[in-house]
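*Asks:* Below is the file entry_36.tsv, which contains TSV, C-alpha atoms and all ligand atoms.
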chain	number	residue	atom	x	y	z
B	38	MET	CA	69.34	169.07	100.22
B	39	ILE	CA	66.45	168.48	102.59
B	40	ILE	CA	66.86	165.14	104.34
B	41	GLY	CA	64.13	163.43	106.34
B	42	VAL	CA	64.32	160.64	108.90
B	43	PRO	CA	61.01	159.04	109.94
B	44	LYS	CA	60.63	156.87	113.04
B	45	GLU	CA	60.85	153.17	112.12
B	46	ILE	CA	57.46	151.47	112.34
B	47	LYS	CA	58.25	147.77	111.95
B	48	ASN	CA	57.41	145.76	115.07
B	49	HIS	CA	60.18	146.04	117.70
B	50	GLU	CA	62.43	148.08	115.40
B	51	TYR	CA	64.30	150.62	117.51
B	52	ARG	CA	67.07	151.50	115.07
B	53	VAL	CA	66.95	154.88	113.34
B	54	GLY	CA	68.23	156.11	109.96
B	55	MET	CA	70.49	158.83	111.37
B	56	VAL	CA	72.03	159.47	114.77
B	57	PRO	CA	72.58	163.05	115.99
B	58	ALA	CA	76.28	162.92	115.02
B	59	SER	CA	75.30	162.18	111.39
B	60	VAL	CA	72.81	165.06	111.46
B	61	ARG	CA	75.53	167.42	112.63
B	62	GLU	CA	77.78	166.30	109.77
B	63	LEU	CA	75.07	166.98	107.18
B	64	ILE	CA	74.25	170.36	108.69
B	65	SER	CA	77.95	171.28	108.46
B	66	HIS	CA	77.73	170.55	104.72
B	67	GLY	CA	74.87	173.07	104.45
B	68	HIS	CA	71.93	170.63	104.32
B	69	SER	CA	68.70	170.61	106.35
B	70	VAL	CA	67.55	167.60	108.35
B	71	TYR	CA	64.02	166.85	109.57
B	72	ILE	CA	63.50	164.11	112.14
B	73	GLU	CA	60.15	162.64	113.18
B	74	THR	CA	59.53	163.20	116.87
B	75	ASN	CA	60.75	160.34	119.11
B	76	ALA	CA	62.55	158.65	116.18
B	77	GLY	CA	65.58	157.81	118.34
B	78	ASN	CA	63.88	157.62	121.73
B	79	GLY	CA	64.07	153.83	121.98
B	80	ILE	CA	67.89	153.90	121.87
B	81	GLY	CA	68.59	157.00	123.91
B	82	PHE	CA	68.67	159.72	121.22
B	83	SER	CA	66.11	162.34	122.28
B	84	ASP	CA	64.49	165.06	120.19
B	85	ASP	CA	66.67	167.52	122.14
B	86	ASP	CA	69.81	165.63	121.05
B	87	TYR	CA	68.73	165.95	117.43
B	88	LYS	CA	67.85	169.64	117.88
B	89	ALA	CA	71.26	170.26	119.44
B	90	ALA	CA	72.81	168.68	116.33
B	91	GLY	CA	70.86	171.13	114.16
B	92	ALA	CA	67.83	169.08	113.08
B	93	SER	CA	64.21	170.23	113.09
B	94	ILE	CA	61.64	167.93	114.66
B	95	LEU	CA	58.37	167.18	112.88
B	96	PRO	CA	55.31	165.61	114.52
B	97	THR	CA	54.47	162.89	111.98
B	98	ALA	CA	56.04	160.68	109.33
B	99	ALA	CA	53.70	162.29	106.78
B	100	ASP	CA	55.30	165.67	107.55
B	101	VAL	CA	58.80	164.20	107.11
B	102	PHE	CA	57.93	162.51	103.80
B	103	ALA	CA	56.24	165.69	102.52
B	104	LYS	CA	59.22	167.88	103.37
B	105	ALA	CA	62.22	165.71	102.42
B	106	GLU	CA	64.01	165.36	99.11
B	107	MET	CA	65.80	162.31	100.52
B	108	ILE	CA	64.39	159.87	103.09
B	109	VAL	CA	66.97	157.95	105.15
B	110	LYS	CA	65.68	154.87	106.99
B	111	VAL	CA	66.78	151.47	108.25
B	112	LYS	CA	64.13	148.90	107.33
B	113	GLU	CA	62.32	148.53	104.02
B	114	PRO	CA	59.41	151.01	103.76
B	115	GLN	CA	56.14	149.57	104.98
B	116	ALA	CA	52.95	149.93	102.88
B	117	VAL	CA	51.88	153.16	104.62
B	118	GLU	CA	55.35	154.64	104.10
B	119	ARG	CA	55.44	153.55	100.45
B	120	ALA	CA	52.20	155.42	99.89
B	121	MET	CA	53.95	158.62	101.02
B	122	LEU	CA	56.88	158.38	98.58
B	123	ARG	CA	56.72	160.64	95.55
B	124	GLU	CA	58.25	160.92	92.10
B	125	GLY	CA	61.88	162.09	92.18
B	126	GLN	CA	62.25	161.58	95.96
B	127	ILE	CA	65.34	159.63	97.04
B	128	LEU	CA	64.89	156.67	99.41
B	129	PHE	CA	68.07	155.32	101.03
B	130	THR	CA	67.53	152.25	103.26
B	131	TYR	CA	67.62	148.43	103.37
B	132	LEU	CA	65.10	147.16	100.79
B	133	HIS	CA	65.62	143.38	100.24
B	134	LEU	CA	63.29	143.47	97.22
B	135	ALA	CA	63.96	139.95	95.87
B	136	PRO	CA	61.40	138.15	98.04
B	137	ASP	CA	58.97	141.10	98.29
B	138	PHE	CA	56.72	141.70	95.27
B	139	PRO	CA	54.23	144.10	96.97
B	140	GLN	CA	57.10	146.40	97.97
B	141	THR	CA	58.70	146.21	94.52
B	142	GLU	CA	55.36	147.05	92.90
B	143	ASP	CA	54.78	150.05	95.19
B	144	LEU	CA	58.30	151.40	94.67
B	145	ILE	CA	57.80	151.15	90.90
B	146	LYS	CA	54.50	153.04	91.22
B	147	SER	CA	56.09	155.71	93.42
B	148	LYS	CA	58.62	156.69	90.71
B	149	ALA	CA	61.01	157.43	93.57
B	150	ILE	CA	64.79	156.83	93.39
B	151	CYS	CA	65.27	153.81	95.64
B	152	ILE	CA	68.82	152.98	96.70
B	153	ALA	CA	69.27	149.85	98.83
B	154	TYR	CA	72.01	149.60	101.45
B	155	GLU	CA	72.43	145.88	100.83
B	156	THR	CA	73.47	146.13	97.18
B	157	VAL	CA	76.04	148.95	97.54
B	158	THR	CA	79.46	147.41	96.87
B	159	ASP	CA	83.10	148.35	97.55
B	160	SER	CA	86.29	148.04	95.52
B	161	LYS	CA	86.90	144.53	96.85
B	162	GLY	CA	83.44	143.33	95.82
B	163	ARG	CA	82.21	143.32	99.42
B	164	LEU	CA	78.94	144.78	100.73
B	165	PRO	CA	80.03	147.62	103.05
B	166	LEU	CA	76.53	148.52	104.26
B	167	LEU	CA	75.70	144.92	105.18
B	168	ALA	CA	79.02	144.30	106.93
B	169	PRO	CA	78.22	146.26	110.13
B	170	MET	CA	75.13	144.11	110.77
B	171	SER	CA	77.16	140.95	110.13
B	172	GLU	CA	79.76	142.20	112.63
B	173	VAL	CA	77.02	142.74	115.20
B	174	ALA	CA	75.36	139.36	114.53
B	175	GLY	CA	78.69	137.54	114.63
B	176	ARG	CA	79.64	139.06	117.98
B	177	MET	CA	76.15	138.48	119.38
B	178	SER	CA	76.12	134.83	118.31
B	179	ILE	CA	78.53	133.93	121.10
B	180	GLN	CA	76.40	135.73	123.71
B	181	ALA	CA	73.34	133.92	122.34
B	182	GLY	CA	75.18	130.61	122.37
B	183	ALA	CA	76.40	131.17	125.93
B	184	GLN	CA	72.81	131.64	127.10
B	185	ALA	CA	71.56	128.66	125.09
B	186	LEU	CA	74.04	126.45	126.94
B	187	GLU	CA	72.58	127.45	130.32
B	188	LYS	CA	70.37	124.84	131.99
B	189	SER	CA	67.35	127.15	132.05
B	190	HIS	CA	67.38	127.20	128.25
B	191	GLY	CA	67.76	123.44	127.92
B	192	GLY	CA	71.53	123.51	127.44
B	193	SER	CA	74.18	121.26	128.89
B	194	GLY	CA	75.06	123.74	131.63
B	195	MET	CA	78.49	124.61	130.32
B	196	LEU	CA	80.32	127.91	130.78
B	197	LEU	CA	82.06	128.85	127.52
B	198	SER	CA	85.31	129.83	129.18
B	199	GLY	CA	85.44	127.03	131.72
B	200	VAL	CA	87.18	127.96	135.01
B	201	PRO	CA	90.62	126.99	136.33
B	202	GLY	CA	90.60	123.21	136.41
B	203	VAL	CA	87.56	122.84	134.10
B	204	GLU	CA	87.84	122.68	130.32
B	205	PRO	CA	86.31	125.45	128.18
B	206	ALA	CA	83.50	124.73	125.72
B	207	LYS	CA	84.29	123.60	122.17
B	208	ILE	CA	82.92	126.19	119.75
B	209	VAL	CA	82.77	125.40	116.03
B	210	VAL	CA	82.14	128.27	113.60
B	211	LEU	CA	80.92	127.28	110.13
B	212	GLY	CA	82.04	129.98	107.68
B	213	GLY	CA	84.89	132.39	108.44
B	214	GLY	CA	83.55	135.52	106.70
B	215	VAL	CA	82.39	138.69	108.47
B	216	VAL	CA	79.96	136.91	110.84
B	217	GLY	CA	82.24	133.94	111.46
B	218	SER	CA	85.43	135.90	112.12
B	219	ASN	CA	83.59	138.22	114.53
B	220	ALA	CA	82.08	135.22	116.33
B	221	ALA	CA	85.55	133.68	116.57
B	222	ARG	CA	87.04	136.89	118.00
B	223	MET	CA	84.47	136.89	120.81
B	224	ALA	CA	84.88	133.19	121.45
B	225	VAL	CA	88.68	133.44	121.56
B	226	GLY	CA	88.33	136.46	123.87
B	227	LEU	CA	86.35	134.26	126.24
B	228	ARG	CA	89.09	131.61	126.03
B	229	ALA	CA	86.80	128.97	124.55
B	230	ASP	CA	88.24	126.18	122.40
B	231	VAL	CA	87.49	127.57	118.92
B	232	THR	CA	87.57	125.95	115.48
B	233	ILE	CA	86.58	127.78	112.27
B	234	LEU	CA	85.64	125.82	109.14
B	235	ASP	CA	85.59	127.40	105.69
B	236	LYS	CA	85.94	126.29	102.09
B	237	ASN	CA	87.94	129.30	100.96
B	238	VAL	CA	91.65	128.68	101.41
B	239	ASP	CA	92.51	132.40	101.28
B	240	THR	CA	90.03	133.00	104.09
B	241	LEU	CA	91.64	130.20	106.11
B	242	ARG	CA	95.07	131.78	105.57
B	243	ARG	CA	93.83	135.18	106.69
B	244	LEU	CA	92.19	133.69	109.80
B	245	ASP	CA	95.27	131.63	110.61
B	246	GLU	CA	97.39	134.75	110.47
B	247	GLU	CA	94.96	136.70	112.65
B	248	PHE	CA	94.45	134.08	115.33
B	249	GLN	CA	98.01	132.74	115.48
B	250	GLY	CA	96.82	129.40	116.80
B	251	ARG	CA	94.30	130.78	119.30
B	252	ALA	CA	91.59	129.44	116.97
B	253	LYS	CA	92.06	126.39	114.76
B	254	VAL	CA	91.24	126.92	111.08
B	255	VAL	CA	90.11	123.85	109.18
B	256	TYR	CA	89.18	123.26	105.54
B	257	SER	CA	85.51	122.29	105.46
B	258	THR	CA	84.69	118.89	103.97
B	259	GLU	CA	81.86	116.51	104.85
B	260	GLU	CA	84.32	114.62	107.00
B	261	THR	CA	85.89	117.53	108.92
B	262	LEU	CA	82.49	119.11	109.37
B	263	GLU	CA	80.96	115.95	110.84
B	264	GLN	CA	83.93	115.34	113.09
B	265	HIS	CA	83.90	118.87	114.56
B	266	VAL	CA	80.13	119.29	114.79
B	267	LEU	CA	79.64	115.99	116.65
B	268	ASN	CA	82.32	116.98	119.15
B	269	ALA	CA	81.09	120.57	119.66
B	270	ASP	CA	79.32	122.18	122.59
B	271	LEU	CA	78.25	125.16	120.45
B	272	VAL	CA	78.08	125.44	116.65
B	273	VAL	CA	77.64	128.85	115.00
B	274	GLY	CA	76.28	128.75	111.42
B	275	ALA	CA	77.74	131.68	109.44
B	276	VAL	CA	78.06	130.50	105.84
B	277	LEU	CA	76.94	132.49	102.84
B	278	ILE	CA	76.76	131.70	99.17
B	279	PRO	CA	76.00	135.12	97.67
B	280	GLY	CA	72.59	135.28	96.02
B	281	ALA	CA	71.66	131.73	97.06
B	282	ALA	CA	69.97	129.99	99.97
B	283	ALA	CA	72.39	128.88	102.69
B	284	PRO	CA	73.66	125.30	102.17
B	285	LYS	CA	72.27	122.82	104.74
B	286	LEU	CA	75.68	121.77	106.01
B	287	VAL	CA	74.41	120.13	109.20
B	288	ASN	CA	71.76	117.47	108.57
B	289	GLU	CA	69.17	115.89	110.86
B	290	ASP	CA	71.39	112.90	111.53
B	291	HIS	CA	74.21	115.19	112.72
B	292	ILE	CA	71.81	116.94	115.09
B	293	LYS	CA	70.64	113.56	116.49
B	294	ARG	CA	74.26	112.56	117.10
B	295	MET	CA	75.42	115.85	118.70
B	296	LYS	CA	76.11	115.95	122.42
B	297	PRO	CA	72.90	116.25	124.50
B	298	GLY	CA	72.49	119.88	125.60
B	299	ALA	CA	74.74	121.22	122.85
B	300	ALA	CA	73.59	124.44	121.16
B	301	VAL	CA	73.47	125.75	117.60
B	302	VAL	CA	73.18	129.43	116.65
B	303	ASP	CA	72.09	129.68	113.01
B	304	VAL	CA	73.04	133.21	111.99
B	305	ALA	CA	72.48	132.26	108.33
B	306	ILE	CA	68.79	131.74	109.09
B	307	ASP	CA	67.98	134.92	107.11
B	308	GLN	CA	69.13	132.96	104.03
B	309	GLY	CA	67.19	129.84	105.05
B	310	GLY	CA	69.71	128.56	107.61
B	311	CYS	CA	72.56	126.05	107.42
B	312	PHE	CA	71.13	123.47	109.86
B	313	ALA	CA	68.42	121.15	108.47
B	314	THR	CA	66.49	121.54	111.75
B	315	SER	CA	66.49	125.39	111.79
B	316	HIS	CA	63.44	127.59	111.56
B	317	ALA	CA	63.35	131.32	112.17
B	318	THR	CA	62.63	132.49	115.72
B	319	THR	CA	62.09	135.90	117.33
B	320	HIS	CA	63.79	137.84	120.11
B	321	ALA	CA	60.66	137.26	122.22
B	322	ASP	CA	61.05	133.45	121.92
B	323	PRO	CA	64.53	132.87	120.50
B	324	THR	CA	65.22	129.17	121.16
B	325	TYR	CA	63.66	125.74	120.71
B	326	ILE	CA	64.99	122.22	121.15
B	327	VAL	CA	65.34	119.40	118.60
B	328	ASP	CA	66.83	116.06	119.69
B	329	ASP	CA	68.28	117.63	122.86
B	330	VAL	CA	70.09	120.36	120.88
B	331	VAL	CA	69.13	123.96	121.68
B	332	HIS	CA	68.53	126.02	118.51
B	333	TYR	CA	68.81	129.84	118.40
B	334	CYS	CA	67.65	131.10	114.99
B	335	VAL	CA	66.71	134.79	115.26
B	336	ALA	CA	66.61	136.31	111.78
B	337	ASN	CA	67.21	139.93	112.84
B	338	MET	CA	69.82	139.56	115.57
B	339	PRO	CA	71.14	143.18	115.32
B	340	GLY	CA	67.68	144.50	116.29
B	341	ALA	CA	68.29	143.31	119.87
B	342	VAL	CA	71.26	145.66	120.25
B	343	ALA	CA	69.64	148.50	118.36
B	344	ARG	CA	71.84	151.27	119.73
B	345	THR	CA	75.15	149.64	118.76
B	346	SER	CA	73.64	148.53	115.44
B	347	THR	CA	72.37	152.02	114.63
B	348	VAL	CA	75.70	153.70	115.30
B	349	ALA	CA	77.59	151.00	113.36
B	350	LEU	CA	75.19	151.32	110.42
B	351	ASN	CA	75.45	155.13	110.47
B	352	ASN	CA	79.24	154.98	110.43
B	353	ALA	CA	78.95	153.00	107.20
B	354	THR	CA	76.08	154.91	105.54
B	355	LEU	CA	77.11	158.48	106.40
B	356	PRO	CA	79.71	158.95	103.61
B	357	TYR	CA	77.09	157.85	101.06
B	358	ILE	CA	74.37	160.08	102.56
B	359	VAL	CA	76.78	163.04	102.41
B	360	LYS	CA	77.71	162.20	98.82
B	361	LEU	CA	74.07	161.93	97.71
B	362	ALA	CA	73.21	165.20	99.48
B	363	ASN	CA	76.25	167.14	98.24
B	364	LYS	CA	76.17	166.05	94.62
B	365	GLY	CA	72.52	165.13	94.06
B	366	TYR	CA	71.67	161.57	93.13
B	367	ARG	CA	72.51	161.89	89.42
B	368	ASP	CA	76.13	162.99	89.82
B	369	ALA	CA	76.64	160.81	92.89
B	370	LEU	CA	75.50	157.68	91.03
B	371	VAL	CA	77.35	158.54	87.82
B	372	GLU	CA	80.61	159.18	89.68
B	373	ASP	CA	80.48	156.21	92.04
B	374	ALA	CA	79.85	152.82	90.41
B	375	HIS	CA	79.68	151.15	93.83
B	376	LEU	CA	76.94	153.46	95.06
B	377	ARG	CA	75.23	152.99	91.67
B	378	ASN	CA	75.06	149.26	92.44
B	379	GLY	CA	72.76	150.29	95.28
B	380	LEU	CA	70.15	151.63	92.88
B	381	ASN	CA	67.22	149.20	92.83
B	382	VAL	CA	64.32	151.23	91.37
B	383	ILE	CA	64.25	154.57	89.55
B	384	GLY	CA	61.48	156.35	87.67
B	385	GLY	CA	59.20	153.32	87.81
B	386	GLN	CA	61.87	150.90	86.55
B	387	VAL	CA	63.62	148.08	88.43
B	388	THR	CA	67.41	148.26	87.89
B	389	ILE	CA	68.48	145.01	89.55
B	390	LYS	CA	68.45	142.20	87.03
B	391	GLU	CA	67.70	139.38	89.50
B	392	VAL	CA	64.75	141.27	90.99
B	393	ALA	CA	63.31	142.14	87.57
B	394	GLU	CA	63.72	138.58	86.32
B	395	GLY	CA	62.32	137.10	89.53
B	396	PHE	CA	59.09	139.07	89.13
B	397	GLU	CA	59.06	138.99	85.30
B	398	LEU	CA	59.31	142.77	85.17
B	399	PRO	CA	60.93	144.78	82.36
B	400	TYR	CA	64.62	145.46	82.95
B	501	LIG	P1	80.52	136.35	104.25
B	501	LIG	O1	80.34	136.23	102.78
B	501	LIG	O2	81.41	137.39	104.83
B	501	LIG	O3	81.04	134.93	104.82
B	501	LIG	C1	80.49	133.70	104.44
B	501	LIG	C2	81.58	132.63	104.51
B	501	LIG	O4	80.96	131.36	104.28
B	501	LIG	C3	82.68	132.79	103.43
B	501	LIG	O5	83.94	132.88	104.05
B	501	LIG	C4	82.54	131.53	102.59
B	501	LIG	O6	83.77	131.06	102.09
B	501	LIG	C5	81.93	130.57	103.62
B	501	LIG	N1	81.28	129.39	103.02
B	501	LIG	C6	80.42	129.34	101.97
B	501	LIG	N2	80.05	128.08	101.76
B	501	LIG	C7	80.67	127.31	102.69
B	501	LIG	C8	80.68	125.92	102.99
B	501	LIG	N3	79.98	125.06	102.26
B	501	LIG	N4	81.42	125.51	104.03
B	501	LIG	C9	82.14	126.38	104.78
B	501	LIG	N5	82.18	127.70	104.54
B	501	LIG	C10	81.44	128.17	103.51
B	501	LIG	O7	79.03	136.46	104.86
B	501	LIG	P2	78.65	137.07	106.29
B	501	LIG	O8	78.46	138.55	106.17
B	501	LIG	O9	79.57	136.55	107.30
B	501	LIG	O10	77.18	136.46	106.50
B	501	LIG	C11	76.99	135.10	106.89
B	501	LIG	C12	75.50	134.83	107.03
B	501	LIG	O11	74.97	135.55	108.13
B	501	LIG	C13	74.67	135.28	105.82
B	501	LIG	O12	73.68	134.30	105.57
B	501	LIG	C14	74.02	136.56	106.29
B	501	LIG	O13	72.83	136.83	105.59
B	501	LIG	C15	73.77	136.18	107.72
B	501	LIG	N6	73.45	137.31	108.64
B	501	LIG	C16	72.42	137.10	109.50
B	501	LIG	C17	72.09	138.05	110.43
B	501	LIG	C18	70.99	137.76	111.42
B	501	LIG	O14	70.52	138.66	112.11
B	501	LIG	N7	70.55	136.50	111.56
B	501	LIG	C19	72.77	139.28	110.47
B	501	LIG	C20	73.83	139.49	109.58
B	501	LIG	C21	74.17	138.48	108.66
Output the file's structure in the form of structure tokens.
Ligand code: NAD
*Replies:*
Amino acid sequence: MIIGVPKEIKNHEYRVGMVPASVRELISHGHSVYIETNAGNGIGFSDDDYKAAGASILPTAADVFAKAEMIVKVKEPQAVERAMLREGQILFTYLHLAPDFPQTEDLIKSKAICIAYETVTDSKGRLPLLAPMSEVAGRMSIQAGAQALEKSHGGSGMLLSGVPGVEPAKIVVLGGGVVGSNAARMAVGLRADVTILDKNVDTLRRLDEEFQGRAKVVYSTEETLEQHVLNADLVVGAVLIPGAAAPKLVNEDHIKRMKPGAAVVDVAIDQGGCFATSHATTHADPTYIVDDVVHYCVANMPGAVARTSTVALNNATLPYIVKLANKGYRDALVEDAHLRNGLNVIGGQVTIKEVAEGFELPY
């Protein structure tokens, strides 16, 4: 198969659909790979690196779209990219169609085969192509929180780890899933005083076993949540109710009563956030203050560490790219029900019920 990787064009997006190591793997399976010039430049993968892996470099995205049978990207295609898709071409990338009617409409018109990373599942019902970004965001949340606590950002001036003779910061993680457990690992590594709250007892058992007392695991009720949030120096919001907006677990009154200079990092902001006072911010201006509490609410945290994020994403997507290339999309989707769950649009038809219903489209 001929596979094409255009340079990402969304503002400040430095990730890339395939790293040179992935290219090499596809070449070894007998496929051809075309990369747009400078596609990986922002994160240290040069055109020469891609050439050494066996790719050919093309000067424009239009050339890549014209040549490729399958386009591999990171972000949802922008309007100019959508206009270059053609009937029967495979698009494999994050799509997030539910809130995006213009994109859905264009993908229908394109008659391309559009497979979204975020709806591919695994045998345990998890989302394996979303997990790497949650791992990144969870780990980053502690770095972000550490900075938010610095005086220059409006924080209380507390070092997460403390020093000999000075207590560490109290970190409370709301939600012990992929984001929350990764946040807790970083926080425990820094020797902070860590408490994880979750409503799923199996999750609490798993976390208890992993942390062996180095993090406290607590069943989340209104009472335990209030008690821990009001006592915290840093609260990380990492809850998810699949398919729904994040629950507003921390209300305005809680924020008013938190310690002055405490910080909240709302990782769930991409689902609306779990603090009543959250609104989305950007990497250029990541924090703001409400009632003396520093808020960090960047919706695309992994973008800041684009190199790590790209490699992590590629590690997860590569087996699926190889499968689609080796077998062709028909056989690959027929044989693998989990990959088939990734199919969002094909031949002008939306195949995700919630998206079709949301936009009153035929399904
Ligand atoms: P996950 O499903 O692995 O974990 C969510 C956890 O929340 C589960 O353990 C669940 O039991 C728990 N939970 C649900 N309701 C709860 C409640 N009322 N009280 C306590 N716990 C509750 O999800 P994840 O992959 O860890 O993602 C968490 C959030 O982070 C999602 O909203 C996701 O979209 C977001 N996210 C944001 C970024 C970013 O850049 N901002 C990046 C990746 C993920």
*Asks:* Select from segment 315-360 of chain B every residue with an atom at most 12 Å from any atom of segment 70-93 of chain B, then for each give the shortest pair of atoms and their distance in Å to one decimal, using all atoms listed in the file, rows by chain and rising number, as a Markdown table.
*Replies:*
| residue | atom | partner | partner_atom | distance |
| --- | --- | --- | --- | --- |
| B:Gly340 | CA | B:Ile80 | CA | 10.9 |
| B:Ala341 | CA | B:Ile80 | CA | 10.8 |
| B:Val342 | CA | B:Ile80 | CA | 9.0 |
| B:Ala343 | CA | B:Ile80 | CA | 6.7 |
| B:Arg344 | CA | B:Ile80 | CA | 5.2 |
| B:Thr345 | CA | B:Ile80 | CA | 9.0 |
| B:Ser346 | CA | B:Ile80 | CA | 10.2 |
| B:Thr347 | CA | B:Ile80 | CA | 8.7 |
| B:Val348 | CA | B:Ile80 | CA | 10.2 |
| B:Ile358 | CA | B:Val70 | CA | 11.7 |
| B:Val359 | CA | B:Val70 | CA | 11.9 |
*Asks:* Would you name the residues within 6 Å of ligand LIG 501 (chain B), counting all atoms listed in the file, and put them as an mmCIF file with C-alpha atoms, in the coordinates of the input?
*Replies:*
data_model
loop_
_atom_site.group_PDB
_atom_site.id
_atom_site.type_symbol
_atom_site.label_atom_id
_atom_site.label_comp_id
_atom_site.auth_asym_id
_atom_site.auth_seq_id
_atom_site.Cartn_x
_atom_site.Cartn_y
_atom_site.Cartn_z
ATOM 1 C CA ALA B 168 79.020 144.300 106.930
ATOM 2 C CA MET B 170 75.130 144.110 110.770
ATOM 3 C CA SER B 171 77.160 140.950 110.130
ATOM 4 C CA ALA B 174 75.360 139.360 114.530
ATOM 5 C CA LEU B 211 80.920 127.280 110.130
ATOM 6 C CA GLY B 212 82.040 129.980 107.680
ATOM 7 C CA GLY B 213 84.890 132.390 108.440
ATOM 8 C CA GLY B 214 83.550 135.520 106.700
ATOM 9 C CA VAL B 215 82.390 138.690 108.470
ATOM 10 C CA VAL B 216 79.960 136.910 110.840
ATOM 11 C CA GLY B 217 82.240 133.940 111.460
ATOM 12 C CA LEU B 234 85.640 125.820 109.140
ATOM 13 C CA ASP B 235 85.590 127.400 105.690
ATOM 14 C CA LYS B 236 85.940 126.290 102.090
ATOM 15 C CA ASN B 237 87.940 129.300 100.960
ATOM 16 C CA SER B 257 85.510 122.290 105.460
ATOM 17 C CA ALA B 275 77.740 131.680 109.440
ATOM 18 C CA VAL B 276 78.060 130.500 105.840
ATOM 19 C CA LEU B 277 76.940 132.490 102.840
ATOM 20 C CA ILE B 278 76.760 131.700 99.170
ATOM 21 C CA VAL B 304 73.040 133.210 111.990
ATOM 22 C CA ALA B 305 72.480 132.260 108.330
ATOM 23 C CA ILE B 306 68.790 131.740 109.090
ATOM 24 C CA ASP B 307 67.980 134.920 107.110
ATOM 25 C CA GLN B 308 69.130 132.960 104.030
ATOM 26 C CA VAL B 335 66.710 134.790 115.260
ATOM 27 C CA ALA B 336 66.610 136.310 111.780
ATOM 28 C CA ASN B 337 67.210 139.930 112.840
ATOM 29 C CA MET B 338 69.820 139.560 115.570
ATOM 30 C CA PRO B 339 71.140 143.180 115.320
#
*Asks:* Using all atoms listed in the file, determine which residues lie at most 10 Å from His133 of chain B, disregarding the query and same-chain residues fewer than 3 positions distant; provide the list as a VMD selection string.
*Replies:* chain B and resid 112 to 113 130 136 to 137 140 to 141 153 to 156 381 392
*Asks:* Which residue out of B:Glu118, B:Asp159, B:Glu394, B:Asp270 has the minimum interatomic distance to Met195 of chain B when only C-alpha atoms are used?
*Replies:* B:Asp270
*Asks:* Find the distance between atom CA of Tyr256 of chain B and atom CA of Asp239 of chain B and write it in Å to one decimal.
*Replies:*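 Going from atom CA of Tyr256 of chain B over to atom CA of Asp239 of chain B covers 10.6 Å.
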*Asks:* With all atoms listed in the file as the counted atoms, please give the residues lying no more than 8 Å from Cys311 of chain B, apart from itself and same-chain residues fewer than 2 positions off, as a list of chain:residue names.
*Replies:*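 Answer for this query is B:Gly274, B:Ala275, B:Val276, B:Ala283, B:Pro284, B:Lys285, B:Leu286, B:Val287, B:Asp303, B:Ala305, B:Ile306, B:Gly309, B:Ala313, B:Ser315.
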*Asks:* Report the centre and edge lengths, in Å to one decimal, of an axis-aligned box enclosing every atom of segment 108-120 of chain B listed in the file, padded by 5 Å on each side, as JSON.
*Replies:*
{"center_x": 59.4, "center_y": 154.2, "center_z": 104.1, "size_x": 25.1, "size_y": 21.3, "size_z": 18.4}
*Asks:* Atom CA of Gly125 of chain B to atom CA of Ala149 of chain B: how many Å, to one decimal?
*Replies:*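 One can read the atom CA of Gly125 of chain B to atom CA of Ala149 of chain B distance as 4.9 Å.
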*Asks:* Using only C-alpha atoms, which protein or nucleic acid residues come within 9 Å of Met177 of chain B? Drop anything in the same chain fewer than 4 positions from it, and give the result as JSON, numbers by chain.
*Replies:* {"B": [172, 173, 181, 182, 219, 220, 223, 338, 339, 342]}
*Asks:* Next, write the just-selected residues to a file, as an mmCIF file, in the frame of the given file, keeping C-alpha atoms as the atom set.
*Replies:*
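Listing of out30.cif after writing:
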data_model
loop_
_atom_site.group_PDB
_atom_site.id
_atom_site.type_symbol
_atom_site.label_atom_id
_atom_site.label_comp_id
_atom_site.auth_asym_id
_atom_site.auth_seq_id
_atom_site.Cartn_x
_atom_site.Cartn_y
_atom_site.Cartn_z
ATOM 1 C CA GLU B 172 79.760 142.200 112.630
ATOM 2 C CA VAL B 173 77.020 142.740 115.200
ATOM 3 C CA ALA B 181 73.340 133.920 122.340
ATOM 4 C CA GLY B 182 75.180 130.610 122.370
ATOM 5 C CA ASN B 219 83.590 138.220 114.530
ATOM 6 C CA ALA B 220 82.080 135.220 116.330
ATOM 7 C CA MET B 223 84.470 136.890 120.810
ATOM 8 C CA MET B 338 69.820 139.560 115.570
ATOM 9 C CA PRO B 339 71.140 143.180 115.320
ATOM 10 C CA VAL B 342 71.260 145.660 120.250
#
*Asks:* Would you please work out which residue, of B:Asp143, B:Lys44, B:Ala116, B:Ser218, is nearest to Ile94 of chain B when using only C-alpha atoms?
*Replies:*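 Residue with the minimum atom-to-atom distance to Ile94 of chain B: B:Lys44.
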*Asks:* Excluding same-chain residues fewer than 2 positions from Leu122 of chain B, what lies within 8 Å of it counting only C-alpha atoms, as an NGL selection string?
*Replies:* :B and (102 or 118-120 or 124 or 126 or 147 or 149)
*Asks:* State, in Å with one decimal place, the distance from atom CA of Thr97 of chain B to atom CA of Val42 of chain B.
*Replies:* 10.6 Å
*Asks:* Write out as number ranges by chain the residues lying within 10 Å of Ile152 of chain B, counting all atoms listed in the file and excluding same-chain residues fewer than 3 positions away.
*Replies:* B: 109, 127-132, 149, 155-157, 366, 370, 376-383
*Asks:* Given the choices B:Arg222, B:Thr314, B:Lys146, B:Met107, which gets closest to Gly365 of chain B if the distance is worked out from only C-alpha atoms?
*Replies:*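 Of B:Arg222, B:Thr314, B:Lys146, B:Met107, the one nearest Gly365 of chain B, counting only C-alpha atoms, is B:Met107.
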*Asks:* List as number ranges by chain the residues having at least one atom at most 7 Å from position (66.4, 165.4, 99.6) as given in the file, counting all atoms listed in the file.
*Replies:* B: 38-40, 105-108, 126-127, 362
